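Enquirer: Enclosed is the structure file entry16.csv (CSV, C-alpha atoms).
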chain,number,residue,atom,x,y,z
A,1,MET,CA,1.5,0.1,-2.3
A,2,GLU,CA,0.1,-7.6,2.3
A,3,SER,CA,1.4,-9.0,4.3
A,4,SER,CA,0.5,-7.7,1.0
A,5,SER,CA,-3.0,-9.0,1.5
A,6,LYS,CA,-3.6,-7.1,4.7
A,7,ASN,CA,-2.0,-3.8,4.4
A,8,ASP,CA,-3.2,-0.6,2.7
A,9,GLU,CA,-0.2,0.6,1.0
A,10,PRO,CA,-0.2,0.7,-2.9
A,11,GLN,CA,3.4,-0.1,-2.5
A,12,ASN,CA,3.1,-3.7,-1.3
A,13,LEU,CA,3.9,-5.4,-4.6
A,14,PRO,CA,4.7,-9.1,-4.4
A,15,ILE,CA,8.4,-9.7,-5.1
A,16,PHE,CA,9.1,-13.1,-6.6
A,17,SER,CA,12.1,-14.0,-4.5
A,18,LYS,CA,13.3,-17.5,-3.7
A,19,LYS,CA,15.3,-16.5,-0.7
A,20,ASN,CA,15.2,-19.0,2.2
A,21,PRO,CA,12.9,-17.5,4.8
A,22,ASN,CA,14.7,-19.3,7.6
A,23,THR,CA,18.0,-17.4,7.0
A,24,ALA,CA,19.0,-15.3,10.0
A,25,MET,CA,18.3,-11.6,9.6
A,26,THR,CA,21.4,-9.5,9.0
A,27,LYS,CA,22.0,-6.1,10.4
A,28,LYS,CA,21.2,-4.7,6.9
A,29,GLY,CA,18.0,-6.7,6.9
A,30,VAL,CA,17.0,-5.1,10.3
A,31,TYR,CA,17.6,-1.6,9.0
A,32,VAL,CA,15.5,-2.4,5.9
A,33,ALA,CA,12.7,-3.8,7.9
A,34,ILE,CA,12.7,-0.7,10.2
A,35,SER,CA,12.8,1.6,7.1
A,36,TYR,CA,9.7,-0.1,5.7
A,37,MET,CA,7.7,0.3,8.8
A,38,ALA,CA,8.8,3.9,9.2
A,39,CYS,CA,7.8,4.7,5.6
A,40,ALA,CA,4.5,2.9,5.9
A,41,VAL,CA,3.5,4.7,9.1
A,42,LEU,CA,4.6,8.2,7.9
A,43,LEU,CA,2.9,7.8,4.5
A,44,VAL,CA,-0.5,7.3,6.2
A,45,ILE,CA,0.2,10.2,8.5
A,46,PHE,CA,1.1,12.6,5.7
A,47,ASN,CA,-1.8,11.6,3.5
A,48,LYS,CA,-4.1,12.1,6.4
A,49,ALA,CA,-2.5,15.5,7.1
A,50,ALA,CA,-3.1,16.7,3.6
A,51,LEU,CA,-6.7,15.4,3.3
A,52,SER,CA,-7.9,16.2,6.8
A,53,SER,CA,-5.7,18.8,8.6
A,54,TYR,CA,-5.4,21.0,5.5
A,55,SER,CA,-8.8,19.9,4.1
A,56,PHE,CA,-7.4,19.3,0.7
A,57,PRO,CA,-10.4,18.3,-1.5
A,58,CYS,CA,-8.6,16.4,-4.3
A,59,ALA,CA,-7.3,13.0,-3.2
A,60,ASN,CA,-6.9,12.1,-6.9
A,61,VAL,CA,-4.4,14.9,-7.4
A,62,ILE,CA,-2.2,13.6,-4.5
A,63,THR,CA,-2.3,10.1,-6.2
A,64,LEU,CA,-1.3,11.8,-9.5
A,65,PHE,CA,1.6,13.6,-7.9
A,66,GLN,CA,2.8,10.4,-6.4
A,67,MET,CA,2.6,8.5,-9.7
A,68,ILE,CA,4.4,11.3,-11.6
A,69,SER,CA,7.2,11.6,-9.1
A,70,SER,CA,7.7,7.8,-8.8
A,71,THR,CA,7.8,7.4,-12.6
A,72,LEU,CA,10.3,10.2,-13.0
A,73,ILE,CA,12.5,8.7,-10.2
A,74,LEU,CA,12.3,5.3,-11.8
A,75,TYR,CA,13.2,6.7,-15.2
A,76,VAL,CA,16.3,8.5,-13.9
A,77,LEU,CA,17.5,5.5,-11.9
A,78,ARG,CA,17.0,3.2,-14.9
A,79,ARG,CA,18.8,5.5,-17.3
A,80,TRP,CA,21.7,5.7,-14.8
A,81,LYS,CA,21.7,1.9,-14.6
A,82,VAL,CA,21.1,2.0,-10.8
A,83,ILE,CA,18.1,-0.4,-11.1
A,84,SER,CA,16.6,-2.8,-13.5
A,85,PHE,CA,13.0,-3.5,-14.5
A,86,THR,CA,13.3,-7.2,-15.2
A,87,VAL,CA,13.8,-10.2,-12.9
A,88,GLN,CA,16.7,-11.5,-14.9
A,89,ASP,CA,18.6,-8.2,-14.7
A,90,SER,CA,18.0,-7.6,-11.0
A,91,HIS,CA,21.6,-8.4,-9.9
A,92,THR,CA,23.5,-7.2,-13.0
A,93,VAL,CA,22.0,-3.8,-13.7
A,94,ALA,CA,25.3,-2.0,-14.0
A,95,THR,CA,26.2,-3.9,-17.2
A,96,ARG,CA,22.9,-4.1,-18.9
A,97,THR,CA,21.4,-2.0,-21.6
A,98,THR,CA,19.3,1.0,-20.6
A,99,ASP,CA,16.4,-0.2,-22.8
A,100,LEU,CA,13.1,0.3,-21.0
A,101,VAL,CA,10.2,-2.2,-20.8
A,102,PRO,CA,9.1,-3.5,-24.2
A,103,PHE,CA,5.6,-2.4,-25.4
A,104,LYS,CA,4.3,-6.0,-25.3
A,105,ARG,CA,5.1,-6.3,-21.7
A,106,VAL,CA,3.5,-3.0,-20.9
A,107,LEU,CA,0.3,-4.3,-22.6
A,108,HIS,CA,0.6,-7.5,-20.6
A,109,CYS,CA,0.6,-5.5,-17.4
A,110,THR,CA,-2.5,-3.4,-18.3
A,111,PRO,CA,-4.9,-5.3,-16.1
A,112,VAL,CA,-2.5,-5.0,-13.2
A,113,ALA,CA,-2.0,-1.3,-13.8
A,114,LEU,CA,-5.8,-0.5,-14.1
A,115,SER,CA,-6.5,-2.5,-10.9
A,116,TYR,CA,-3.7,-0.6,-9.3
A,117,LEU,CA,-5.2,2.7,-10.3
A,118,LEU,CA,-8.6,1.8,-8.9
A,119,TYR,CA,-6.9,0.5,-5.7
A,120,MET,CA,-4.9,3.8,-5.3
A,121,LEU,CA,-7.9,6.1,-5.9
A,122,VAL,CA,-10.2,4.3,-3.5
A,123,SER,CA,-7.5,3.8,-0.9
A,124,MET,CA,-6.6,7.5,-0.9
A,125,GLU,CA,-10.3,8.5,-0.6
A,126,SER,CA,-10.9,6.0,2.2
A,127,ILE,CA,-8.6,7.8,4.7
A,128,ARG,CA,-10.3,11.2,4.3
A,129,GLY,CA,-13.2,10.9,6.7
A,130,ILE,CA,-12.0,8.3,9.2
A,131,ASN,CA,-9.6,8.5,12.0
A,132,VAL,CA,-6.2,6.7,11.6
A,133,PRO,CA,-6.7,4.0,14.3
A,134,MET,CA,-10.0,2.9,12.9
A,135,TYR,CA,-8.7,3.1,9.3
A,136,THR,CA,-5.8,0.8,10.2
A,137,THR,CA,-8.1,-1.7,11.9
A,138,LEU,CA,-10.7,-1.9,9.1
A,139,ARG,CA,-7.9,-2.2,6.5
A,140,ARG,CA,-6.8,-5.4,8.3
A,141,THR,CA,-10.0,-7.0,7.1
A,142,THR,CA,-8.5,-6.9,3.6
A,143,VAL,CA,-7.2,-10.4,4.2
A,144,PHE,CA,-10.8,-11.7,4.2
A,145,PHE,CA,-11.5,-10.2,0.7
A,146,THR,CA,-8.2,-11.4,-0.6
A,147,MET,CA,-8.9,-14.9,0.7
A,148,MET,CA,-12.3,-14.9,-1.1
A,149,ALA,CA,-10.8,-13.6,-4.3
A,150,GLU,CA,-8.2,-16.3,-4.3
A,151,TYR,CA,-10.8,-18.9,-3.6
A,152,PHE,CA,-13.1,-17.9,-6.5
A,153,LEU,CA,-10.3,-17.1,-9.0
A,154,ALA,CA,-7.7,-19.7,-8.1
A,155,ARG,CA,-9.7,-22.2,-6.0
A,156,LYS,CA,-7.1,-21.8,-3.3
A,157,LYS,CA,-8.2,-23.0,0.2
A,158,TYR,CA,-6.7,-22.2,3.6
A,159,SER,CA,-6.3,-24.2,6.7
A,160,SER,CA,-8.7,-23.9,9.6
A,161,TYR,CA,-5.9,-22.2,11.6
A,162,VAL,CA,-5.7,-19.4,9.0
A,163,VAL,CA,-9.5,-19.1,8.7
A,164,THR,CA,-9.7,-18.7,12.5
A,165,CYS,CA,-7.0,-16.0,12.5
A,166,VAL,CA,-9.0,-14.1,9.8
A,167,GLY,CA,-12.1,-14.5,12.0
A,168,ILE,CA,-10.3,-12.9,14.9
A,169,ILE,CA,-9.1,-10.0,12.8
A,170,ILE,CA,-12.7,-9.3,11.6
A,171,LEU,CA,-14.1,-9.7,15.0
A,172,GLY,CA,-11.6,-7.2,16.4
A,173,ALA,CA,-12.6,-4.7,13.7
A,174,PHE,CA,-16.3,-5.0,14.5
A,175,VAL,CA,-15.6,-4.7,18.3
A,176,ALA,CA,-13.4,-1.6,17.7
A,177,GLY,CA,-16.0,0.1,15.6
A,178,ALA,CA,-19.0,-0.9,17.8
A,179,ARG,CA,-18.9,2.3,19.8
A,180,ASP,CA,-16.9,4.5,17.6
A,181,LEU,CA,-18.3,7.9,18.4
A,182,SER,CA,-17.0,9.3,15.1
A,183,PHE,CA,-18.7,6.6,13.1
A,184,ASP,CA,-19.4,7.6,9.5
A,185,TYR,CA,-21.3,5.3,7.2
A,186,TYR,CA,-19.8,6.8,4.0
A,187,SER,CA,-16.2,6.5,5.3
A,188,TYR,CA,-16.6,3.0,6.6
A,189,THR,CA,-18.2,1.9,3.3
A,190,VAL,CA,-15.3,3.5,1.3
A,191,VAL,CA,-12.8,1.6,3.4
A,192,LEU,CA,-14.5,-1.7,2.8
A,193,ILE,CA,-14.6,-0.9,-1.0
A,194,SER,CA,-10.9,-0.1,-0.7
A,195,ASN,CA,-10.4,-3.6,0.8
A,196,ILE,CA,-12.2,-5.2,-2.2
A,197,THR,CA,-10.1,-3.2,-4.7
A,198,THR,CA,-7.0,-4.3,-2.8
A,199,ALA,CA,-8.0,-7.9,-3.1
A,200,VAL,CA,-8.7,-7.5,-6.9
A,201,TYR,CA,-5.3,-5.8,-7.3
A,202,LEU,CA,-3.5,-8.6,-5.5
A,203,ALA,CA,-5.4,-11.2,-7.5
A,204,CYS,CA,-4.2,-9.5,-10.7
A,205,ILE,CA,-0.7,-9.4,-9.4
A,206,SER,CA,-0.8,-13.1,-8.5
A,207,SER,CA,-2.1,-14.1,-12.0
A,208,LEU,CA,-0.2,-11.7,-14.2
A,209,GLY,CA,2.7,-10.2,-12.3
A,210,GLU,CA,5.1,-13.2,-12.3
A,211,SER,CA,4.4,-14.1,-15.9
A,212,SER,CA,5.4,-10.6,-17.0
A,213,GLY,CA,9.1,-11.2,-16.1
A,214,LEU,CA,9.2,-7.8,-14.4
A,215,ASN,CA,10.4,-7.1,-10.9
A,216,SER,CA,8.9,-4.6,-8.5
A,217,PHE,CA,10.5,-1.6,-10.2
A,218,GLY,CA,9.3,-2.9,-13.6
A,219,LEU,CA,5.7,-3.2,-12.3
A,220,MET,CA,5.9,0.2,-10.8
A,221,TRP,CA,7.1,1.6,-14.1
A,222,CYS,CA,4.3,0.0,-16.1
A,223,ASN,CA,1.7,1.2,-13.5
A,224,GLY,CA,3.0,4.7,-13.8
A,225,ILE,CA,3.1,5.1,-17.6
A,226,ILE,CA,-0.3,3.4,-18.0
A,227,CYS,CA,-2.1,5.1,-15.1
A,228,THR,CA,-0.6,8.6,-15.1
A,229,PRO,CA,-2.2,9.8,-18.4
A,230,ILE,CA,-5.5,8.3,-17.5
A,231,LEU,CA,-5.5,10.0,-14.1
A,232,LEU,CA,-4.3,13.3,-15.6
A,233,LEU,CA,-7.2,13.4,-18.0
A,234,TRP,CA,-9.6,12.4,-15.3
A,235,THR,CA,-8.5,15.1,-12.8
A,236,ALA,CA,-8.6,17.7,-15.6
A,237,TYR,CA,-12.1,16.6,-16.7
A,238,SER,CA,-13.4,16.4,-13.1
A,239,GLY,CA,-12.1,19.9,-12.2
A,240,ASP,CA,-9.7,18.6,-9.6
A,241,LEU,CA,-6.7,20.4,-11.3
A,242,ASP,CA,-8.6,23.7,-11.2
A,243,ALA,CA,-9.6,23.1,-7.6
A,244,THR,CA,-6.0,22.4,-6.8
A,245,MET,CA,-4.8,25.6,-8.4
A,246,ASN,CA,-7.4,27.6,-6.4
A,247,PHE,CA,-6.7,25.8,-3.1
A,248,SER,CA,-6.0,28.3,-0.4
A,249,TYR,CA,-3.1,26.5,1.1
A,250,LEU,CA,-1.4,25.5,-2.2
A,251,TYR,CA,1.5,28.0,-1.8
A,252,THR,CA,2.0,27.6,1.9
A,253,THR,CA,5.2,26.0,3.0
A,254,GLY,CA,3.6,23.5,5.3
A,255,PHE,CA,1.2,22.1,2.7
A,256,GLN,CA,3.9,21.9,0.0
A,257,ALA,CA,6.2,20.1,2.5
A,258,VAL,CA,3.4,17.5,3.2
A,259,ILE,CA,2.8,16.9,-0.5
A,260,VAL,CA,6.5,16.5,-1.3
A,261,LEU,CA,7.1,14.2,1.7
A,262,SER,CA,4.0,12.2,0.7
A,263,CYS,CA,5.3,11.7,-2.8
A,264,ALA,CA,8.8,10.8,-1.6
A,265,LEU,CA,7.4,8.3,1.0
A,266,ALA,CA,5.2,6.7,-1.6
A,267,PHE,CA,8.3,5.9,-3.7
A,268,LEU,CA,10.4,4.9,-0.7
A,269,LEU,CA,7.7,2.6,0.6
A,270,ASN,CA,7.7,0.7,-2.7
A,271,TYR,CA,11.5,0.5,-2.7
A,272,SER,CA,11.6,-0.6,0.9
A,273,VAL,CA,9.1,-3.3,0.2
A,274,PHE,CA,11.3,-4.5,-2.6
A,275,LEU,CA,14.4,-4.5,-0.3
A,276,ASN,CA,12.6,-6.1,2.7
A,277,THR,CA,11.3,-8.9,0.6
A,278,THR,CA,14.5,-9.5,-1.3
A,279,ILE,CA,17.0,-9.1,1.6
A,280,ASN,CA,14.9,-10.8,4.2
A,281,SER,CA,11.8,-12.7,2.9
A,282,ALA,CA,8.2,-12.2,2.0
A,283,LEU,CA,7.3,-13.7,5.4
A,284,THR,CA,9.4,-11.0,7.1
A,285,GLN,CA,7.5,-8.4,5.1
A,286,THR,CA,4.2,-9.9,6.4
A,287,VAL,CA,5.4,-9.7,10.0
A,288,CYS,CA,6.6,-6.1,9.5
A,289,GLY,CA,3.3,-5.2,8.0
A,290,ASN,CA,1.5,-6.3,11.1
A,291,LEU,CA,4.0,-4.7,13.4
A,292,LYS,CA,3.8,-1.3,11.7
A,293,ASP,CA,0.0,-1.3,12.2
A,294,LEU,CA,0.6,-0.9,16.0
A,295,PHE,CA,2.8,2.1,15.4
A,296,THR,CA,0.3,3.6,12.9
A,297,VAL,CA,-2.6,3.3,15.5
A,298,GLY,CA,-0.5,4.8,18.3
A,299,PHE,CA,1.0,7.6,16.1
A,300,GLY,CA,-2.5,8.4,14.7
A,301,TRP,CA,-3.9,8.7,18.2
A,302,LEU,CA,-1.1,11.1,19.3
A,303,VAL,CA,-1.0,13.3,16.2
A,304,PHE,CA,-4.7,13.6,15.2
A,305,ARG,CA,-6.5,12.6,18.3
A,306,GLY,CA,-9.4,11.7,16.0
A,307,LEU,CA,-10.8,8.9,18.2
A,308,PRO,CA,-12.4,9.4,21.6
A,309,PHE,CA,-11.0,7.1,24.3
A,310,ASP,CA,-13.1,4.0,24.7
A,311,LEU,CA,-12.2,0.8,26.4
A,312,LEU,CA,-14.2,-1.3,23.9
A,313,ASN,CA,-12.4,0.3,21.0
A,314,ILE,CA,-9.0,-0.4,22.5
A,315,ALA,CA,-10.0,-4.0,23.1
A,316,GLY,CA,-11.1,-4.4,19.5
A,317,GLN,CA,-7.8,-2.8,18.3
A,318,CYS,CA,-5.8,-5.3,20.4
A,319,LEU,CA,-8.0,-8.3,19.3
A,320,SER,CA,-7.5,-7.3,15.6
A,321,PHE,CA,-3.8,-6.9,16.1
A,322,LEU,CA,-3.6,-10.2,17.8
A,323,GLY,CA,-5.4,-11.9,14.9
A,324,SER,CA,-2.9,-10.3,12.5
A,325,CYS,CA,0.1,-11.5,14.4
A,326,LEU,CA,-1.4,-15.1,14.6
A,327,TYR,CA,-2.0,-15.0,10.9
A,328,ALA,CA,1.6,-14.0,10.2
A,329,TYR,CA,2.7,-16.8,12.6
A,330,CYS,CA,0.6,-19.3,10.6
A,331,LYS,CA,2.1,-18.1,7.4
A,332,LEU,CA,5.6,-18.3,8.9
A,333,LYS,CA,5.0,-21.9,10.0
A,334,GLY,CA,3.2,-22.9,6.8
A,335,ILE,CA,0.0,-24.1,8.6
Could you rewrite the structure in this file as structure tokens?

Expert:
Amino acid sequence: MESSSKNDEPQNLPIFSKKNPNTAMTKKGVYVAISYMACAVLLVIFNKAALSSYSFPCANVITLFQMISSTLILYVLRRWKVISFTVQDSHTVATRTTDLVPFKRVLHCTPVALSYLLYMLVSMESIRGINVPMYTTLRRTTVFFTMMAEYFLARKKYSSYVVTCVGIIILGAFVAGARDLSFDYYSYTVVLISNITTAVYLACISSLGESSGLNSFGLMWCNGIICTPILLLWTAYSGDLDATMNFSYLYTTGFQAVIVLSCALAFLLNYSVFLNTTINSALTQTVCGNLKDLFTVGFGWLVFRGLPFDLLNIAGQCLSFLGSCLYAYCKLKGI
């Protein structure tokens, strides 16, 4: 959905928890953290499989499927009183009314939803023409764009330690891509645009999300009911729905399984981010976001083998990963 500021998943919605980050992680917390990392890695892999391995031409349709499925799941869980959409009801959902989000709150979340839609569309397109390891590395530079957005929108300044960590991340991304034999200007440009849209989305969340009084599920619900009709009309107008109906692999079991798992993982990723941030802490979420990048790179190399072996690329990957870990450490220590 980064840690929110550095990761690519539309699922990394900030959760406004006041849990003490120094609390020891419980066994349940460990399971939740592992679940988040597993969902994040697998979602990238399945999206990559649909767009590249099956050459599915309509990334927007996958995003539409994910939004529809997430919205339906949220509706069912809310009607069954399993979850709540507001911060106040988060721990008493079993005794609360099944009323959904008031219309005024939905309107309040419109800027967040529209920035989320833009973020989702560009992020999905960004993974099409680039190998998974390089995608993960370039996406780590999102923290730079987020830092700039926070500076210009909120005049927020960071310490020299954090700035140095960000510099290491960006340096590693450039080193890794310096001799990328599969370099594609279009794909690299789309990834960088994706980083900018991520920063805009996080800035909107920061300025409007908390004041809405909604928790992660509530924000996901508003995103879904606002963005789904827009995206449905756009895919119909652009011909993506017709192209999907005529897609040669549409009725094959393998492709259908990839799409279903992608939709399920998109929802589970949002849910695991919510749990990881609530049960553990937002800082634990940041550390997990960096750790899962390592598994994404390794898994992408093994499954897709999209990147020729190159020592300079490996050095850049390691440097960028080191910078991400140092950034998470600075956030953890508050420096």

Enquirer: Would you compute the distance between atom CA of A:Tyr327 and atom CA of A:Tyr135? Give it in Å to one decimal.

Expert: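 So the two atoms, atom CA of A:Tyr327 and atom CA of A:Tyr135, lie 19.4 Å apart.
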
Enquirer: Have a look at A:Val106, A:Leu214, A:Ile45, A:Ile62 and name the one nearest to A:Val87; count only C-alpha atoms.

Expert: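 Nearest candidate to A:Val87 out of A:Val106, A:Leu214, A:Ile45, A:Ile62: A:Leu214.
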
Enquirer: Out of A:Leu219, A:Val61, A:Leu312, A:Ile127, which residue has the shortest atom-to-atom distance to A:Asp240 when counting only C-alpha atoms?

Expert: A:Val61

Enquirer: Using only C-alpha atoms, what residues lie at most 10 Å away from (7.1, 9.9, -8.3) (file coordinates), given as a compact mmCIF listing (two decimals) with C-alpha atoms, in the frame of the given file?

Expert:
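Saved result, result.txt, follows:
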# COMPACT_ATOMS: atom_id res chain seq x y z
CA THR A 63 -2.30 10.10 -6.20
CA LEU A 64 -1.30 11.80 -9.50
CA PHE A 65 1.60 13.60 -7.90
CA GLN A 66 2.80 10.40 -6.40
CA MET A 67 2.60 8.50 -9.70
CA ILE A 68 4.40 11.30 -11.60
CA SER A 69 7.20 11.60 -9.10
CA SER A 70 7.70 7.80 -8.80
CA THR A 71 7.80 7.40 -12.60
CA LEU A 72 10.30 10.20 -13.00
CA ILE A 73 12.50 8.70 -10.20
CA LEU A 74 12.30 5.30 -11.80
CA TYR A 75 13.20 6.70 -15.20
CA GLY A 224 3.00 4.70 -13.80
CA VAL A 260 6.50 16.50 -1.30
CA SER A 262 4.00 12.20 0.70
CA CYS A 263 5.30 11.70 -2.80
CA ALA A 264 8.80 10.80 -1.60
CA LEU A 265 7.40 8.30 1.00
CA ALA A 266 5.20 6.70 -1.60
CA PHE A 267 8.30 5.90 -3.70
CA LEU A 268 10.40 4.90 -0.70

Enquirer: Figure out the distance between atom CA of A:Ala315 and atom CA of A:Ser160, please, to one decimal in Å.

Expert: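 For atom CA of A:Ser160 relative to atom CA of A:Ala315, the distance reads 24.1 Å.
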
Enquirer: Please report the interatomic distance between atom CA of A:Lys81 and atom CA of A:Met37 in Å with one decimal.

Expert: 27.3 Å
